[in-house]
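Pasting coords_4.txt here (compact mmCIF, C-alpha atoms):
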# COMPACT_ATOMS: atom_id res chain seq x y z
CA MET A 1 54.03 61.84 9.67
CA ALA A 2 53.66 58.10 9.54
CA SER A 3 54.74 56.30 6.43
CA ALA A 4 53.54 52.98 5.07
CA ALA A 5 57.14 51.92 4.49
CA GLN A 6 58.32 52.58 8.05
CA THR A 7 58.58 49.77 10.53
CA SER A 8 57.91 51.92 13.60
CA VAL A 9 56.11 55.10 14.56
CA SER A 10 58.13 58.16 15.54
CA ALA A 11 57.86 59.27 19.16
CA GLN A 12 57.01 62.82 18.11
CA THR A 13 54.23 61.69 15.89
CA THR A 14 50.78 61.36 17.37
CA VAL A 15 48.52 58.89 15.71
CA THR A 16 44.96 60.07 15.59
CA PRO A 17 42.77 57.30 17.04
CA ALA A 18 41.03 55.59 14.21
CA THR A 19 37.29 55.35 14.27
CA PRO A 20 36.41 51.75 15.15
CA SER A 21 34.94 49.91 12.21
CA VAL A 22 32.42 47.12 12.41
CA ALA A 23 33.91 43.92 11.13
CA SER A 24 31.99 41.97 8.52
CA THR A 25 30.56 38.65 9.64
CA GLN A 26 31.71 37.19 6.32
CA PRO A 27 35.49 36.63 6.08
CA ASN A 28 37.51 38.58 3.48
CA VAL A 29 34.69 41.01 2.58
CA GLN A 30 35.98 44.35 1.21
CA ALA A 31 34.92 47.59 2.83
CA SER A 32 32.41 49.65 0.90
CA PRO A 33 33.57 52.94 -0.64
CA SER A 34 33.45 55.80 1.84
CA THR A 35 32.28 59.30 1.01
CA ALA A 36 34.33 60.87 3.85
CA ALA A 37 37.50 62.67 2.64
CA ALA A 38 40.74 62.75 4.62
CA THR A 39 42.85 65.97 4.56
CA GLN A 40 45.86 64.27 6.07
CA PRO A 41 47.66 61.09 5.19
CA VAL A 42 46.09 58.03 6.71
CA VAL A 43 48.03 55.07 7.91
CA ASN A 44 47.20 51.99 5.80
CA THR A 45 45.05 49.71 7.84
CA ALA A 46 44.12 46.05 7.46
CA VAL A 47 40.56 44.92 7.84
CA ALA A 48 40.16 44.04 11.52
CA THR A 49 37.38 43.12 13.87
CA ALA A 50 38.54 45.59 16.56
CA VAL A 51 40.58 48.82 16.50
CA SER A 52 42.48 49.92 19.58
CA THR A 53 41.91 53.47 20.81
CA GLN A 54 45.41 53.71 22.31
CA PRO A 55 47.75 56.27 20.57
CA ILE A 56 50.55 53.72 20.28
CA VAL A 57 49.37 50.41 18.84
CA THR A 58 51.36 47.38 19.73
CA PRO A 59 51.48 44.86 16.89
CA THR A 60 49.20 41.99 17.84
CA ARG A 61 47.18 39.33 16.04
CA SER A 62 43.53 38.86 16.84
CA LYS A 63 41.28 35.98 15.92
CA ALA A 64 38.06 37.01 14.26
CA ALA A 65 35.28 34.58 15.21
CA SER A 66 32.89 33.77 12.40
CA THR A 67 29.21 33.84 13.13
CA GLN A 68 28.55 31.32 10.35
CA PRO A 69 28.40 27.65 11.47
CA GLY A 70 31.05 25.62 9.78
CA VAL A 71 33.09 28.63 8.49
CA PRO A 72 36.76 28.47 9.65
CA THR A 73 38.05 31.36 11.80
CA SER A 74 40.59 33.53 9.89
CA SER A 75 43.58 35.25 11.45
CA SER A 76 43.44 39.04 11.07
CA PRO A 77 45.86 41.59 12.57
CA THR A 78 44.86 44.73 14.41
CA VAL A 79 46.07 48.17 13.32
CA SER A 80 49.83 48.00 13.13
CA THR A 81 52.71 50.13 11.89
CA GLN A 82 54.54 46.98 10.91
CA PRO A 83 54.78 46.26 7.19
CA ILE A 84 51.91 44.08 6.00
CA VAL A 85 53.39 40.65 5.41
CA ASN A 86 50.41 38.31 5.62
CA THR A 87 48.09 37.80 2.70
CA VAL A 88 45.23 40.08 3.69
CA ALA A 89 43.07 42.68 2.06
CA VAL A 90 44.48 46.14 2.82
CA THR A 91 42.40 49.20 2.13
CA THR A 92 44.44 52.30 1.32
CA VAL A 93 42.64 55.60 1.32
CA SER A 94 44.47 58.30 -0.57
CA SER A 95 44.46 61.93 0.51
CA GLN A 96 41.77 63.69 -1.48
CA PRO A 97 40.22 67.12 -1.25
CA SER A 98 37.15 67.33 0.96
CA GLY A 99 33.95 66.26 -0.72
CA THR A 100 35.58 63.82 -3.10
CA PRO A 101 34.58 60.22 -2.48
CA ALA A 102 37.46 58.10 -1.33
CA ILE A 103 37.98 55.14 -3.61
CA PRO A 104 39.50 52.26 -1.71
CA THR A 105 42.04 50.10 -3.46
CA THR A 106 42.82 46.57 -2.43
CA VAL A 107 46.46 45.60 -2.13
CA VAL A 108 47.30 41.93 -1.76
CA THR A 109 50.80 40.99 -0.65
CA GLN A 110 52.15 37.48 -0.29
CA SER A 111 54.09 36.53 2.78
CA ALA A 112 57.30 34.64 2.29
CA ASN A 113 56.88 33.02 5.68
CA PRO A 114 53.26 32.22 6.57
CA PRO A 115 52.34 32.71 10.22
CA ALA A 116 53.08 29.76 12.43
CA THR A 117 49.88 30.07 14.38
CA THR A 118 47.15 27.88 12.94
CA VAL A 119 43.58 28.58 13.94
CA PRO A 120 41.48 25.41 13.86
CA ALA A 121 38.26 25.61 11.90
CA GLN A 122 35.08 25.47 13.88
CA THR A 123 32.99 22.43 13.20
CA SER A 124 29.40 23.07 12.22
CA VAL A 125 26.83 20.56 13.42
CA LYS A 126 24.28 20.29 10.68
CA PRO A 127 21.05 18.28 11.07
CA SER A 128 21.12 15.13 9.01
CA ALA A 129 18.69 14.92 6.13
CA PRO A 130 15.59 12.83 6.89
CA VAL A 131 15.58 9.34 5.46
CA VAL A 132 12.63 9.14 3.09
CA THR A 133 11.21 5.67 2.69
CA PRO A 134 10.16 5.01 -0.91
CA VAL A 135 6.40 4.89 -1.25
CA SER A 136 4.04 4.02 -4.05
CA PRO A 137 2.95 6.59 -6.61
CA LEU A 138 -0.54 6.18 -5.24
CA THR A 139 -1.55 8.85 -2.80
CA PHE A 140 -2.91 8.07 0.61
CA ALA A 141 -4.16 10.15 3.50
CA THR A 142 -1.86 10.42 6.50
CA GLY A 143 -4.49 11.78 8.85
CA GLY A 144 -2.10 14.46 10.08
CA ARG A 145 0.55 11.94 11.07
CA SER A 146 4.12 11.80 9.83
CA LEU A 147 5.27 9.10 7.44
CA LYS A 148 7.21 7.49 10.28
CA ASP A 149 3.90 6.62 11.91
CA MET A 150 2.58 5.08 8.73
CA ASP A 151 3.34 1.67 7.26
CA THR A 152 5.90 1.83 4.48
CA LEU A 153 5.02 0.79 0.96
CA TYR A 154 6.94 -0.68 -1.97
CA GLU A 155 7.78 1.54 -4.92
CA THR A 156 6.37 -1.12 -7.25
CA PRO A 157 3.48 -3.52 -6.55
CA TRP A 158 4.27 -7.04 -5.36
CA ARG A 159 1.48 -8.24 -7.66
CA LYS A 160 0.61 -6.62 -10.96
CA THR A 161 -3.14 -6.15 -11.25
CA VAL A 162 -4.84 -3.22 -12.98
CA ASN A 163 -4.43 0.50 -13.61
CA TRP A 164 -5.39 2.03 -10.26
CA ASN A 165 -4.76 5.58 -11.47
CA ASN A 166 -7.79 5.55 -13.80
CA ILE A 167 -9.90 3.78 -11.21
CA PHE A 168 -13.35 4.51 -12.62
CA GLU A 169 -12.38 3.41 -16.12
CA THR A 170 -10.83 0.26 -14.67
CA LEU A 171 -13.97 -0.40 -12.60
CA ALA A 172 -16.24 -0.10 -15.62
CA GLU A 173 -14.11 -2.50 -17.67
CA LEU A 174 -13.88 -5.13 -14.93
CA LYS A 175 -17.58 -4.95 -14.15
CA GLU A 176 -18.53 -5.36 -17.80
CA GLU A 177 -16.14 -8.30 -18.14
CA VAL A 178 -17.69 -10.16 -15.20
CA GLU A 179 -21.23 -9.34 -16.33
CA LYS A 180 -20.49 -10.87 -19.73
CA TYR A 181 -18.89 -13.96 -18.22
CA GLU A 182 -19.91 -17.22 -19.90
CA PRO A 183 -18.67 -20.52 -18.40
CA LEU A 184 -16.00 -21.88 -20.76
CA GLY A 185 -17.01 -19.08 -23.12
CA ASP A 186 -13.64 -19.13 -24.89
CA LEU A 187 -14.03 -22.82 -25.79
CA LEU A 188 -17.74 -23.38 -26.35
CA THR A 189 -19.55 -22.37 -29.51
CA ASP A 190 -22.97 -20.75 -29.67
CA GLU A 191 -24.45 -24.22 -29.89
CA VAL A 192 -23.36 -25.08 -26.35
CA GLN A 193 -24.03 -22.99 -23.28
CA PHE A 194 -23.37 -23.93 -19.67
CA PRO A 195 -26.03 -22.38 -17.39
CA LYS A 196 -23.96 -21.15 -14.43
CA VAL A 197 -21.17 -22.11 -12.07
CA ASN A 198 -21.33 -22.46 -8.28
CA ILE A 199 -18.81 -21.00 -5.82
CA LEU A 200 -18.70 -22.31 -2.24
CA LEU A 201 -17.58 -20.03 0.61
CA LEU A 202 -15.96 -22.00 3.45
CA GLY A 203 -14.27 -20.69 6.60
CA GLY A 204 -14.37 -20.18 10.32
CA VAL A 205 -16.92 -18.16 12.27
CA GLY A 206 -16.32 -14.44 11.85
CA ALA A 207 -14.02 -14.78 8.84
CA GLY A 208 -16.47 -12.78 6.69
CA LYS A 209 -18.06 -15.36 4.37
CA SER A 210 -21.51 -13.76 4.27
CA SER A 211 -19.93 -10.30 3.99
CA VAL A 212 -18.04 -11.48 0.91
CA PHE A 213 -21.31 -12.31 -0.82
CA ASN A 214 -22.89 -9.04 0.29
CA THR A 215 -19.91 -7.17 -1.13
CA PHE A 216 -20.16 -8.98 -4.49
CA ASN A 217 -23.88 -8.31 -4.59
CA SER A 218 -23.49 -4.62 -3.71
CA ILE A 219 -21.03 -4.09 -6.58
CA PHE A 220 -23.58 -5.18 -9.17
CA ARG A 221 -26.60 -3.62 -7.47
CA GLY A 222 -24.87 -0.23 -7.37
CA LYS A 223 -25.48 0.29 -3.65
CA ILE A 224 -24.72 -1.29 -0.27
CA PHE A 225 -27.06 -4.26 -0.31
CA ASN A 226 -26.93 -6.83 2.50
CA VAL A 227 -28.88 -9.98 1.79
CA ALA A 228 -26.95 -12.63 3.71
CA ARG A 229 -26.96 -12.31 7.48
CA SER A 230 -23.60 -11.06 8.65
CA GLY A 231 -22.04 -9.44 11.68
CA SER A 232 -20.02 -10.16 14.81
CA ALA A 233 -21.32 -13.02 16.91
CA GLU A 234 -19.94 -15.81 19.03
CA HIS A 235 -21.58 -18.40 16.81
CA SER A 236 -22.37 -18.51 13.11
CA LEU A 237 -25.31 -16.43 11.89
CA THR A 238 -25.73 -18.70 8.87
CA THR A 239 -27.80 -21.80 9.56
CA LYS A 240 -28.75 -22.97 6.05
CA PHE A 241 -26.99 -23.95 2.87
CA THR A 242 -27.97 -21.14 0.48
CA ARG A 243 -27.26 -20.60 -3.21
CA TYR A 244 -27.28 -16.85 -3.80
CA PRO A 245 -27.70 -15.51 -7.35
CA ILE A 246 -26.00 -12.24 -8.31
CA MET A 247 -28.26 -9.71 -10.02
CA SER A 248 -26.93 -6.85 -12.11
CA THR A 249 -28.86 -3.62 -12.52
CA SER A 250 -26.75 -2.79 -15.59
CA ARG A 251 -28.86 -5.20 -17.61
CA LYS A 252 -32.32 -4.20 -18.72
CA PRO A 253 -34.30 -5.96 -17.41
CA PRO A 254 -32.02 -7.06 -14.52
CA MET A 255 -30.94 -10.64 -15.00
CA PRO A 256 -28.92 -13.07 -12.83
CA LEU A 257 -25.28 -13.46 -13.83
CA LYS A 258 -23.73 -16.79 -14.78
CA PHE A 259 -22.52 -17.72 -11.32
CA ARG A 260 -23.95 -18.33 -7.85
CA VAL A 261 -22.33 -17.90 -4.44
CA CYS A 262 -23.08 -20.69 -1.95
CA ASP A 263 -22.89 -19.91 1.76
CA ILE A 264 -22.91 -22.33 4.70
CA ARG A 265 -22.51 -22.22 8.44
CA GLY A 266 -19.11 -21.09 9.68
CA LEU A 267 -16.76 -23.67 11.14
CA GLU A 268 -16.10 -23.60 14.89
CA GLN A 269 -14.74 -26.00 17.46
CA ASP A 270 -18.13 -27.57 18.22
CA HIS A 271 -19.33 -27.51 14.60
CA LEU A 272 -16.58 -28.90 12.40
CA MET A 273 -17.22 -30.35 8.96
CA THR A 274 -17.26 -34.10 8.39
CA LYS A 275 -15.75 -35.51 5.21
CA GLU A 276 -19.05 -37.09 4.24
CA ASN A 277 -20.96 -33.81 4.54
CA MET A 278 -18.24 -32.04 2.58
CA ARG A 279 -18.59 -34.51 -0.22
CA TYR A 280 -22.38 -34.08 -0.29
CA ILE A 281 -22.00 -30.34 -0.71
CA LEU A 282 -19.30 -30.53 -3.39
CA GLU A 283 -21.19 -33.08 -5.48
CA GLY A 284 -24.42 -31.06 -5.42
CA ASN A 285 -26.53 -33.31 -3.17
CA ILE A 286 -27.57 -30.48 -0.83
CA ALA A 287 -30.53 -28.45 -2.05
CA ASP A 288 -30.91 -24.70 -1.73
CA LYS A 289 -32.17 -23.44 1.67
CA PHE A 290 -31.38 -26.80 3.26
CA PRO A 291 -30.90 -26.56 7.08
CA PHE A 292 -27.30 -27.59 7.43
CA ASP A 293 -25.02 -28.29 10.36
CA PRO A 294 -21.47 -29.18 9.24
CA SER A 295 -21.17 -31.71 12.06
CA GLY A 296 -24.68 -33.11 11.65
CA ASN A 297 -25.62 -36.46 10.15
CA LEU A 298 -26.97 -36.33 6.62
CA SER A 299 -28.69 -39.13 4.80
CA ALA A 300 -29.75 -39.72 1.23
CA ASP A 301 -33.24 -40.46 2.57
CA MET A 302 -33.67 -36.98 4.04
CA PRO A 303 -36.23 -34.66 2.38
CA GLY A 304 -34.55 -32.28 -0.05
CA PHE A 305 -31.53 -34.51 -0.61
CA ASN A 306 -30.63 -34.55 -4.33
CA LYS A 307 -29.54 -38.06 -5.20
CA TYR A 308 -28.70 -37.36 -8.85
CA PRO A 309 -27.31 -33.85 -9.21
CA ALA A 310 -26.40 -32.44 -12.62
CA LEU A 311 -23.03 -30.88 -13.43
CA ASP A 312 -24.41 -27.36 -13.07
CA GLU A 313 -25.56 -28.17 -9.50
CA LYS A 314 -22.11 -29.18 -8.29
CA ILE A 315 -19.51 -26.90 -6.74
CA HIS A 316 -16.96 -25.68 -9.30
CA CYS A 317 -14.62 -23.75 -6.98
CA VAL A 318 -14.19 -23.50 -3.21
CA ALA A 319 -13.20 -20.13 -1.79
CA LEU A 320 -11.61 -20.54 1.63
CA VAL A 321 -12.36 -17.32 3.50
CA GLN A 322 -9.61 -16.39 5.95
CA ASP A 323 -9.37 -13.48 8.41
CA ALA A 324 -6.03 -11.74 7.74
CA THR A 325 -5.67 -10.61 11.35
CA ILE A 326 -5.12 -14.16 12.62
CA VAL A 327 -3.10 -15.59 9.75
CA ASP A 328 0.23 -15.20 11.54
CA ALA A 329 -1.02 -17.30 14.45
CA MET A 330 -3.77 -19.34 12.83
CA GLN A 331 -2.22 -22.62 13.93
CA ASP A 332 -2.19 -21.42 17.55
CA LEU A 333 -5.47 -19.49 17.80
CA SER A 334 -7.72 -21.92 15.91
CA PRO A 335 -5.91 -25.24 15.45
CA GLU A 336 -9.16 -27.21 15.26
CA VAL A 337 -10.66 -25.07 12.50
CA THR A 338 -7.40 -24.94 10.54
CA GLY A 339 -6.99 -28.69 10.85
CA ASN A 340 -10.59 -29.21 9.73
CA ILE A 341 -10.10 -27.02 6.66
CA LYS A 342 -6.99 -28.95 5.70
CA GLU A 343 -8.91 -32.18 6.12
CA MET A 344 -11.66 -30.87 3.82
CA GLN A 345 -9.00 -29.95 1.28
CA THR A 346 -8.22 -33.65 0.89
CA VAL A 347 -11.84 -34.21 -0.14
CA MET A 348 -11.69 -31.32 -2.62
CA ASN A 349 -8.46 -32.60 -4.09
CA GLY A 350 -9.97 -36.05 -4.46
CA LEU A 351 -12.79 -34.56 -6.52
CA GLU A 352 -10.36 -32.29 -8.42
CA ILE A 353 -12.17 -29.14 -7.35
CA PRO A 354 -10.06 -25.95 -7.48
CA GLN A 355 -9.52 -23.92 -4.30
CA VAL A 356 -8.68 -20.28 -3.71
CA VAL A 357 -8.38 -18.12 -0.60
CA ILE A 358 -10.19 -14.85 0.00
CA LEU A 359 -8.09 -12.92 2.51
CA THR A 360 -10.47 -10.59 4.34
CA LYS A 361 -9.90 -7.71 6.78
CA ILE A 362 -6.62 -6.67 5.17
CA ASP A 363 -7.34 -3.10 6.21
CA SER A 364 -6.84 -4.20 9.83
CA ILE A 365 -3.23 -5.30 9.34
CA CYS A 366 -1.90 -2.31 7.37
CA GLU A 367 -2.54 1.35 8.15
CA THR A 368 -1.91 2.62 4.62
CA THR A 369 -4.21 -0.03 3.21
CA LYS A 370 -6.88 1.09 5.65
CA ASN A 371 -6.57 4.66 4.35
CA ASN A 372 -6.57 3.56 0.72
CA ILE A 373 -7.41 -0.03 -0.17
CA ALA A 374 -5.48 0.34 -3.46
CA ASN A 375 -2.26 0.31 -1.41
CA ALA A 376 -2.76 -3.38 -0.57
CA PHE A 377 -0.63 -4.50 -3.51
CA TYR A 378 2.17 -2.15 -2.40
CA SER A 379 2.05 -3.25 1.24
CA PRO A 380 4.79 -5.55 2.63
CA LYS A 381 2.43 -6.58 5.42
CA VAL A 382 -0.28 -7.76 3.02
CA GLU A 383 2.32 -9.55 0.91
CA LYS A 384 3.66 -11.31 4.00
CA CYS A 385 0.13 -12.32 4.99
CA VAL A 386 -0.44 -13.82 1.53
CA ALA A 387 2.82 -15.77 1.83
CA ASN A 388 1.88 -17.11 5.28
CA VAL A 389 -1.56 -18.35 4.28
CA SER A 390 -0.05 -19.88 1.15
CA LYS A 391 2.34 -21.85 3.34
CA VAL A 392 -0.29 -22.96 5.85
CA LEU A 393 -2.94 -24.04 3.34
CA GLY A 394 -0.56 -25.28 0.64
CA LEU A 395 -1.97 -23.16 -2.19
CA PRO A 396 -0.03 -21.04 -4.71
CA ARG A 397 0.08 -17.32 -4.03
CA ASN A 398 -1.74 -16.47 -7.25
CA CYS A 399 -4.77 -18.27 -5.79
CA ILE A 400 -4.87 -16.02 -2.72
CA PHE A 401 -6.87 -12.82 -3.15
CA PRO A 402 -6.71 -9.93 -0.64
CA MET A 403 -10.10 -8.28 -0.29
CA LYS A 404 -11.93 -5.63 1.71
CA ASN A 405 -15.60 -6.28 2.51
CA TYR A 406 -18.21 -3.58 2.91
CA GLU A 407 -18.73 -3.42 6.67
CA THR A 408 -18.76 0.18 7.94
CA GLU A 409 -19.33 2.00 4.67
CA TYR A 410 -22.62 3.63 3.67
CA GLN A 411 -21.68 4.17 0.04
CA LEU A 412 -19.76 2.23 -2.56
CA ASP A 413 -16.02 2.81 -2.94
CA ALA A 414 -14.43 2.36 -6.36
CA ASN A 415 -11.24 0.84 -4.94
CA ILE A 416 -13.17 -1.73 -2.87
CA ASP A 417 -15.27 -2.58 -5.94
CA VAL A 418 -12.18 -3.10 -8.12
CA MET A 419 -10.56 -5.37 -5.52
CA GLY A 420 -13.77 -7.39 -5.20
CA LEU A 421 -14.02 -7.76 -8.98
CA LEU A 422 -10.40 -8.88 -9.23
CA THR A 423 -11.17 -11.57 -6.63
CA LEU A 424 -14.31 -12.63 -8.43
CA LYS A 425 -12.53 -12.75 -11.79
CA GLY A 426 -9.84 -15.02 -10.33
CA ILE A 427 -12.48 -17.34 -8.87
CA LEU A 428 -14.37 -17.56 -12.18
CA ASN A 429 -11.13 -18.50 -13.97
CA ASN A 430 -10.80 -21.41 -11.56
CA CYS A 431 -14.41 -22.41 -12.20
CA ASP A 432 -13.56 -22.66 -15.90
CA ALA A 433 -10.56 -24.82 -14.97
CA ASP A 434 -12.95 -27.25 -13.26
CA LEU A 435 -15.34 -27.31 -16.20
CA PHE A 436 -12.45 -27.96 -18.55
CA VAL A 437 -11.98 -31.33 -16.83
CA HIS A 438 -15.60 -32.11 -17.81
CA TYR A 439 -15.35 -30.54 -21.25
CA GLU A 440 -16.80 -33.51 -23.18
CA GLU A 441 -19.68 -33.86 -20.73
CA VAL A 442 -20.44 -30.15 -21.07
CA LYS A 443 -20.59 -30.35 -24.87
CA GLU A 444 -22.80 -33.43 -24.72
CA LYS A 445 -25.30 -32.43 -22.03
CA PHE A 446 -25.55 -28.69 -22.51
CA ALA A 447 -26.14 -28.34 -26.22
CA VAL A 448 -28.70 -26.07 -27.87
CA ALA A 449 -31.65 -28.19 -26.86
CA ASN A 450 -30.77 -27.79 -23.19
CA ARG A 451 -29.69 -24.15 -23.32
CA ARG A 452 -31.16 -21.92 -20.63
CA ASN A 453 -31.74 -18.26 -21.15
CA PRO A 454 -29.44 -16.00 -19.08

What would the structure in this file look like if it were written as structure tokens?
Amino acid sequence: MASAAQTSVSAQTTVTPATPSVASTQPNVQASPSTAAATQPVVNTAVATAVSTQPIVTPTRSKAASTQPGVPTSSSPTVSTQPIVNTVAVTTVSSQPSGTPAIPTTVVTQSANPPATTVPAQTSVKPSAPVVTPVSPLTFATGGRSLKDMDTLYETPWRKTVNWNNIFETLAELKEEVEKYEPLGDLLTDEVQFPKVNILLLGGVGAGKSSVFNTFNSIFRGKIFNVARSGSAEHSLTTKFTRYPIMSTSRKPPMPLKFRVCDIRGLEQDHLMTKENMRYILEGNIADKFPFDPSGNLSADMPGFNKYPALDEKIHCVALVQDATIVDAMQDLSPEVTGNIKEMQTVMNGLEIPQVVILTKIDSICETTKNNIANAFYSPKVEKCVANVSKVLGLPRNCIFPMKNYETEYQLDANIDVMGLLTLKGILNNCDADLFVHYEEVKEKFAVANRRNP
């Protein structure tokens, strides 16, 4: 009989080959209780990955390979008659009558001299976690593409505007505010009322001047409504100086609002604006529907020329319309037009007329803005475009308004409407700044006797 305390197996003793056991893939997992009863003493065995079928087992040490990535390989001996000296889990099955479940007991012994052989741990190669670029709280469609293919967004807007989460409530408030606009309404009493202000759209061919007016008009008409001729053409589709009123269907009966949008021919290399013509427009000498060529010769003796314009016939703010797609290279792609606009700015500054920039086609420079126009104020690309045009035209950034025109849409979009109204609100604030310079004249010439009904 073999004994657990013996260091060798007697030659007369035959060791019954042990039934091979399947090693656990998890290291140091105890064997489950067995229901098989042994009628003869059983040699204590250590948990091993393989059991030899030879009668005489030579003491060896096998290395159990873990199937778990990154789990170190543990050293485990095979069946041996040597005393257990390493710290391992040893299952001892006591001799029990047949039919009695064998209850394994775990004996842990501490070795005074740990084994010299060190088994290096296997290194697990784990995939690195994806780097998630912070995006805005606003949702946007990815069109089935991963975020890597999309333009990244800031976590917070680069310009604080309105509450885009409650977009329809925001739209209603902005629209009502613009509809109730009164020139210098916060300074004038009920005894003085200025009729309306005039906004001039100025820019190169194809920048989107006429589309800007059509977008403004559509917002207040409640549907896509194109009045001004617009589109893609080699030369300007606008041939006359036109003062467009804005009608609102929210009023019953519909009435024109207190501002007009003035559109002229687009600037191009062969049709640049002269300083004299610019002055005529700004001072209100050019009548509505007047055939106008920026490079043409105008005279005070021409039919329709207004020699003595009133203050409400002058231009109160100039909106420079700029295509966002060429801002980065505007000095290279259109140096003549850019130079001409800067030259006209000297005339505007001489007359103390405020200037702003409407930055169109922003959806063409930023993919996330194209999918959701509300993302414009979270877009680094749009912010960079604003900074570039500010540098080129010498205007502060808070006077540069990103905007999306209605071009391919069949129905109104609340986000496009809100952005258009924000632009319009900023322009009207600058109109009031111009009127403030003429505050005494306004009080004197536009008193109750001269008040016009809205």

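Taking only C-alpha atoms into account, Ser379 of chain A lies nearest to A:Pro402 out of the set A:Pro294, A:Gly284, A:Pro402, A:Gly304.
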
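Between atom CA of Lys180 of chain A and atom CA of Pro256 of chain A there is a distance of 11.1 Å.
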
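Restricting the calculation to all atoms listed in the file, the smallest distance between Gly203 of chain A and any of A:Arg251, A:Lys425, A:Lys443, A:His271 is found for A:His271.
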
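Here atom CA of Phe194 of chain A stands at a distance of 24.9 Å from atom CA of Val357 of chain A.
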
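Atom pair atom CA of Lys381 of chain A / atom CA of Leu200 of chain A: separated by 27.4 Å.
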
Residue nearest Asn306 of chain A - candidates A:Gln322, A:Asp288, A:Glu173, A:Asp293, atoms counted: only C-alpha atoms:
A:Asp288

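For the choices A:Glu444, A:Glu182, A:Asp151, A:Asp301, the atom-to-atom distance to Asn371 of chain A is smallest for A:Asp151 when using all atoms listed in the file.
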
Pro291 of chain A: which residues within 12 Å, counting all atoms listed in the file, same-chain residues fewer than 5 positions away excluded, as number ranges by chain?
A: 238-242, 263-265, 286, 296-298, 302-305

Pick out the residues sitting within 7 Å of segment 359-366 of chain A, and hand them over as a PyMOL selection string; count only C-alpha atoms, and ignore anything fewer than 4 positions along from it in its own chain.
chain A and resi 151+208+321-325+370+381-382+400-405

Can you work out which one of A:Met419, A:Ile315, A:Leu174, A:Ala300 has the shortest atom-to-atom distance to Asp434 of chain A, counting all atoms listed in the file?
A:Ile315

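Ranking A:Leu428, A:Gly394, A:Ile281, A:Asp312 by their shortest atom-to-atom distance to Glu441 of chain A, with all atoms listed in the file included, puts A:Asp312 first.
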
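Excluding Met348 of chain A and any residue on its chain fewer than 4 positions from it, the residues at most 12 Å away by all atoms listed in the file are A:Leu200, A:Leu202, A:Lys275, A:Glu276, A:Asn277, A:Met278, A:Arg279, A:Tyr280, A:Ile281, A:Leu282, A:Glu283, A:Ile315, A:His316, A:Cys317, A:Val318, A:Ala319, A:Leu320, A:Ile341, A:Lys342, A:Glu343, A:Met344, A:Glu352, A:Ile353, A:Pro354, A:Gln355, A:Val356, A:Asp434.
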